[in-house]
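Shown next: run-v4.csv, containing CSV, C-alpha atoms.
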```
chain,number,residue,atom,x,y,z
Q,2,MET,CA,0.0,0.0,0.0
Q,3,GLY,CA,1.3,3.5,-0.8
Q,4,LEU,CA,1.0,6.7,1.1
Q,5,PHE,CA,-2.7,6.9,0.4
Q,6,ASP,CA,-5.3,4.1,0.3
Q,7,THR,CA,-6.9,5.7,-2.7
Q,8,THR,CA,-10.0,3.5,-2.9
Q,9,ALA,CA,-11.0,4.2,0.7
Q,10,LEU,CA,-10.3,7.9,0.3
Q,11,GLN,CA,-12.2,8.0,-3.0
Q,12,ALA,CA,-15.2,6.3,-1.3
Q,13,THR,CA,-15.1,8.7,1.6
Q,14,VAL,CA,-15.0,11.8,-0.6
Q,15,TYR,CA,-17.7,10.3,-2.9
Q,16,ASN,CA,-20.1,9.4,-0.1
Q,17,ALA,CA,-19.6,12.9,1.5
Q,18,LEU,CA,-19.9,15.0,-1.7
Q,19,SER,CA,-22.0,13.0,-4.2
Q,20,PRO,CA,-25.3,14.2,-2.9
Q,21,LEU,CA,-24.1,17.8,-3.5
Q,22,TYR,CA,-22.8,17.1,-7.0
Q,23,SER,CA,-24.9,16.9,-10.2
Q,24,ASP,CA,-25.3,14.1,-12.7
Q,25,ALA,CA,-23.3,14.2,-15.9
Q,26,VAL,CA,-21.9,11.8,-18.5
Q,27,ILE,CA,-18.2,11.4,-19.6
Q,28,GLU,CA,-17.6,10.3,-23.2
Q,29,LEU,CA,-14.4,8.7,-24.4
Q,30,TRP,CA,-13.4,8.2,-28.0
Q,31,ARG,CA,-11.5,5.7,-30.0
Q,32,PRO,CA,-9.7,6.4,-33.3
Q,33,GLU,CA,-11.4,5.2,-36.5
Q,34,ARG,CA,-10.4,5.4,-40.1
Q,35,ASP,CA,-12.9,7.0,-42.5
Q,36,PRO,CA,-12.9,4.7,-45.5
Q,37,ASP,CA,-14.0,7.5,-47.9
Q,38,SER,CA,-11.3,10.1,-47.0
Q,39,ASN,CA,-8.7,7.6,-45.6
Q,40,THR,CA,-8.2,9.9,-42.6
Q,41,MET,CA,-8.4,9.1,-38.9
Q,42,GLY,CA,-11.3,10.5,-36.9
Q,43,LYS,CA,-12.8,10.2,-33.5
Q,44,VAL,CA,-15.8,7.9,-32.6
Q,45,PHE,CA,-17.2,8.6,-29.2
Q,46,ASP,CA,-18.5,5.2,-28.2
Q,47,THR,CA,-17.7,4.8,-24.5
Q,48,GLU,CA,-19.6,6.7,-21.8
Q,49,ALA,CA,-20.0,6.6,-18.1
Q,50,ASP,CA,-22.3,8.4,-15.6
Q,51,CYS,CA,-20.5,10.6,-13.2
Q,52,LYS,CA,-21.0,13.2,-10.5
Q,53,VAL,CA,-19.7,16.8,-11.2
Q,54,GLN,CA,-19.5,20.2,-9.6
Q,55,LYS,CA,-19.3,23.2,-12.1
Q,56,ASP,CA,-17.3,26.2,-11.1
Q,57,SER,CA,-15.3,29.1,-12.4
Q,58,CYS,CA,-11.7,28.3,-13.6
Q,59,SER,CA,-9.0,28.5,-11.0
Q,60,GLN,CA,-6.1,31.0,-11.2
Q,61,ALA,CA,-3.8,28.2,-12.3
Q,62,GLN,CA,-6.3,27.1,-15.1
Q,63,ARG,CA,-6.5,30.7,-16.3
Q,64,ARG,CA,-2.7,30.7,-16.8
Q,65,GLU,CA,-2.8,27.6,-19.0
Q,66,VAL,CA,-2.0,27.8,-22.7
Q,67,GLY,CA,-5.2,28.1,-24.7
Q,68,TYR,CA,-7.4,29.4,-21.8
Q,69,SER,CA,-10.5,31.2,-23.0
Q,70,VAL,CA,-12.8,33.4,-20.8
Q,71,THR,CA,-15.7,31.1,-21.7
Q,72,ASP,CA,-13.9,28.1,-20.1
Q,73,VAL,CA,-15.4,26.5,-17.0
Q,74,ARG,CA,-14.1,24.2,-14.3
Q,75,PHE,CA,-15.6,20.9,-13.3
Q,76,LEU,CA,-14.7,18.7,-10.4
Q,77,ILE,CA,-15.5,15.1,-11.3
Q,78,LEU,CA,-15.6,12.5,-8.6
Q,79,GLN,CA,-13.5,9.4,-9.6
Q,80,TYR,CA,-14.9,6.8,-7.2
Q,81,GLY,CA,-16.7,4.0,-9.1
Q,82,LEU,CA,-15.5,5.1,-12.6
Q,83,ALA,CA,-13.6,2.4,-14.5
Q,84,LEU,CA,-12.2,4.8,-17.0
Q,85,ALA,CA,-9.7,7.6,-17.1
Q,86,ILE,CA,-10.5,10.9,-18.8
Q,87,ASN,CA,-8.0,13.0,-20.8
Q,88,ASP,CA,-8.1,16.2,-22.9
Q,89,ASP,CA,-9.7,14.3,-25.7
Q,90,SER,CA,-12.8,13.4,-23.6
Q,91,ARG,CA,-16.1,15.1,-23.6
Q,92,LEU,CA,-18.6,15.9,-20.8
Q,93,ARG,CA,-22.3,16.2,-21.1
Q,94,PHE,CA,-23.9,18.3,-18.4
Q,95,GLY,CA,-26.9,20.5,-18.2
Q,96,GLY,CA,-28.0,20.1,-21.8
Q,97,GLU,CA,-24.6,21.1,-23.1
Q,98,THR,CA,-21.6,19.1,-24.3
Q,99,TYR,CA,-18.1,20.3,-23.2
Q,100,SER,CA,-14.8,19.5,-24.6
Q,101,ILE,CA,-12.2,18.7,-21.9
Q,102,MET,CA,-9.3,21.1,-22.4
Q,103,SER,CA,-7.1,20.1,-19.5
Q,104,VAL,CA,-7.1,17.5,-16.6
Q,105,SER,CA,-5.4,17.2,-13.3
Q,106,GLU,CA,-6.3,15.2,-10.2
Q,107,ASP,CA,-5.8,15.5,-6.4
Q,108,PRO,CA,-3.1,13.3,-4.8
Q,109,PRO,CA,-5.5,10.7,-3.4
Q,110,ARG,CA,-7.2,10.6,-6.8
Q,111,SER,CA,-10.7,11.3,-5.4
Q,112,TYR,CA,-11.6,13.8,-8.2
Q,113,TRP,CA,-10.4,15.1,-11.5
Q,114,ASP,CA,-10.1,18.9,-11.8
Q,115,VAL,CA,-10.8,19.8,-15.5
Q,116,ARG,CA,-11.0,22.9,-17.6
Q,117,ALA,CA,-13.7,22.6,-20.2
Q,118,ARG,CA,-15.3,24.5,-23.1
Q,119,VAL,CA,-18.8,24.3,-24.5
Q,120,MET,CA,-18.7,22.6,-27.9
Q,121,LEU,CA,-20.3,24.6,-30.6
Q,122,ASP,CA,-19.8,22.1,-33.4
Q,123,MET,CA,-20.9,18.6,-32.3
Q,124,ASN,CA,-19.0,17.1,-35.3
Q,125,ALA,CA,-15.6,18.3,-34.0
```
Will you turn the file into structure tokens for me?
Amino acid sequence: MGLFDTTALQATVYNALSPLYSDAVIELWRPERDPDSNTMGKVFDTEADCKVQKDSCSQAQRREVGYSVTDVRFLILQYGLALAINDDSRLRFGGETYSIMSVSEDPPRSYWDVRARVMLDMNA
């Protein structure tokens, strides 16, 4: 066992905060070749329900390369999710789809801290 028993900490944080967090869906993609154009594209075919808290971006996120004033922050609880998100993932929340721009996590891995942007073109 390492410094943190991450499963126990994840469960504790999840049980304490999940009633306060909102429902959302994370979407993951896999690469797929388009036979007509012979180019690689993204197919979003894996999704998982999750609990999120929406917030304004942190000061550190505002200093990141590519930051836009329309970006928002989401804290996504990790407990019970059998997948890992990255900056190619998407998040569906509140009737909108967000592109994940950056991802970090707390040391015990109880949540992901992401910077996200509303997607205007759903084919992107």
Exercise for the section: Please identify all polymer residues within 12 Å of Q:Val115, counting only C-alpha atoms, omitting same-chain residues fewer than 4 positions from it, and present them as a PyMOL selection string. Expected result: chain Q and resi 27+53-59+61-63+65+68+72-78+86-92+99-107
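Closest approach to Q:Val66 among Q:Gly95, Q:Val26, Q:Asp46, Q:Arg116: Q:Arg116, based on all atoms listed in the file.
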Residues within 7 Å of stretch 18-23 of chain Q, please, as a short mmCIF file (atom, residue, chain, number, x, y, z; two decimals) with C-alpha atoms, in the coordinates of the input. Count all atoms listed in the file; anything in the same chain fewer than 2 positions from it doesn't count.
```cif
data_model
loop_
_atom_site.label_atom_id
_atom_site.label_comp_id
_atom_site.auth_asym_id
_atom_site.auth_seq_id
_atom_site.Cartn_x
_atom_site.Cartn_y
_atom_site.Cartn_z
CA VAL Q 14 -15.00 11.80 -0.60
CA TYR Q 15 -17.70 10.30 -2.90
CA ASN Q 16 -20.10 9.40 -0.10
CA ALA Q 25 -23.30 14.20 -15.90
CA LYS Q 52 -21.00 13.20 -10.50
CA VAL Q 53 -19.70 16.80 -11.20
CA GLN Q 54 -19.50 20.20 -9.60
#
```
Exercise for the section: Record the distance separating atom CA of Q:Gln60 and atom CA of Q:Ser111, expressed in Å with one decimal. Expected result: 21.0 Å
Fill in the blank from the handout: In Å and to one decimal, atom CA of Q:Pro108 is distant from atom CA of Q:Glu48 by 24.6 Å
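If you measure from each of Q:Arg64, Q:Pro109, Q:Ala49, Q:Gly81 to Q:Asp24 using only C-alpha atoms, the closest one turns out to be Q:Ala49.
Here atom CA of Q:Val119 stands at a distance of 10.0 Å from atom CA of Q:Phe94.
Remark: for Q:Arg93, the closest of the candidate residues Q:Ala12, Q:Met41, Q:Leu29, Q:Arg110 is Q:Leu29 (distances computed over all atoms listed in the file).
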Can I get stretch 66-81 of chain Q with N, CA and C atoms filled in, as a PDB file, in the frame of the given file?
```
ATOM      1  N   VAL Q  66      -2.008  27.534 -21.227  1.00  0.00           N
ATOM      2  CA  VAL Q  66      -2.000  27.800 -22.700  1.00  0.00           C
ATOM      3  C   VAL Q  66      -3.358  27.459 -23.243  1.00  0.00           C
ATOM      4  N   GLY Q  67      -3.944  28.344 -24.018  1.00  0.00           N
ATOM      5  CA  GLY Q  67      -5.200  28.100 -24.700  1.00  0.00           C
ATOM      6  C   GLY Q  67      -6.444  28.448 -23.869  1.00  0.00           C
ATOM      7  N   TYR Q  68      -6.244  29.018 -22.676  1.00  0.00           N
ATOM      8  CA  TYR Q  68      -7.400  29.400 -21.800  1.00  0.00           C
ATOM      9  C   TYR Q  68      -8.254  30.440 -22.567  1.00  0.00           C
ATOM     10  N   SER Q  69      -9.564  30.280 -22.447  1.00  0.00           N
ATOM     11  CA  SER Q  69     -10.500  31.200 -23.000  1.00  0.00           C
ATOM     12  C   SER Q  69     -11.441  31.677 -21.828  1.00  0.00           C
ATOM     13  N   VAL Q  70     -11.900  32.913 -21.885  1.00  0.00           N
ATOM     14  CA  VAL Q  70     -12.800  33.400 -20.800  1.00  0.00           C
ATOM     15  C   VAL Q  70     -14.065  32.671 -20.694  1.00  0.00           C
ATOM     16  N   THR Q  71     -14.433  31.902 -21.708  1.00  0.00           N
ATOM     17  CA  THR Q  71     -15.700  31.100 -21.700  1.00  0.00           C
ATOM     18  C   THR Q  71     -15.452  29.736 -21.030  1.00  0.00           C
ATOM     19  N   ASP Q  72     -14.196  29.370 -20.736  1.00  0.00           N
ATOM     20  CA  ASP Q  72     -13.900  28.100 -20.100  1.00  0.00           C
ATOM     21  C   ASP Q  72     -14.481  27.999 -18.721  1.00  0.00           C
ATOM     22  N   VAL Q  73     -14.830  26.786 -18.306  1.00  0.00           N
ATOM     23  CA  VAL Q  73     -15.400  26.500 -17.000  1.00  0.00           C
ATOM     24  C   VAL Q  73     -14.579  25.394 -16.334  1.00  0.00           C
ATOM     25  N   ARG Q  74     -14.732  25.272 -15.047  1.00  0.00           N
ATOM     26  CA  ARG Q  74     -14.100  24.200 -14.300  1.00  0.00           C
ATOM     27  C   ARG Q  74     -15.107  23.211 -13.832  1.00  0.00           C
ATOM     28  N   PHE Q  75     -14.740  21.938 -13.897  1.00  0.00           N
ATOM     29  CA  PHE Q  75     -15.600  20.900 -13.300  1.00  0.00           C
ATOM     30  C   PHE Q  75     -14.704  20.032 -12.411  1.00  0.00           C
ATOM     31  N   LEU Q  76     -15.250  19.708 -11.256  1.00  0.00           N
ATOM     32  CA  LEU Q  76     -14.700  18.700 -10.400  1.00  0.00           C
ATOM     33  C   LEU Q  76     -15.492  17.440 -10.609  1.00  0.00           C
ATOM     34  N   ILE Q  77     -14.821  16.361 -11.003  1.00  0.00           N
ATOM     35  CA  ILE Q  77     -15.500  15.100 -11.300  1.00  0.00           C
ATOM     36  C   ILE Q  77     -15.043  14.045 -10.351  1.00  0.00           C
ATOM     37  N   LEU Q  78     -15.986  13.512  -9.573  1.00  0.00           N
ATOM     38  CA  LEU Q  78     -15.600  12.500  -8.600  1.00  0.00           C
ATOM     39  C   LEU Q  78     -15.219  11.204  -9.315  1.00  0.00           C
ATOM     40  N   GLN Q  79     -14.100  10.612  -8.873  1.00  0.00           N
ATOM     41  CA  GLN Q  79     -13.500   9.400  -9.600  1.00  0.00           C
ATOM     42  C   GLN Q  79     -14.074   8.106  -9.042  1.00  0.00           C
ATOM     43  N   TYR Q  80     -14.550   8.056  -7.821  1.00  0.00           N
ATOM     44  CA  TYR Q  80     -14.900   6.800  -7.200  1.00  0.00           C
ATOM     45  C   TYR Q  80     -15.981   6.061  -8.080  1.00  0.00           C
ATOM     46  N   GLY Q  81     -15.726   4.792  -8.366  1.00  0.00           N
ATOM     47  CA  GLY Q  81     -16.700   4.000  -9.100  1.00  0.00           C
ATOM     48  C   GLY Q  81     -16.547   4.079 -10.624  1.00  0.00           C
TER      49      GLY Q  81
END
```
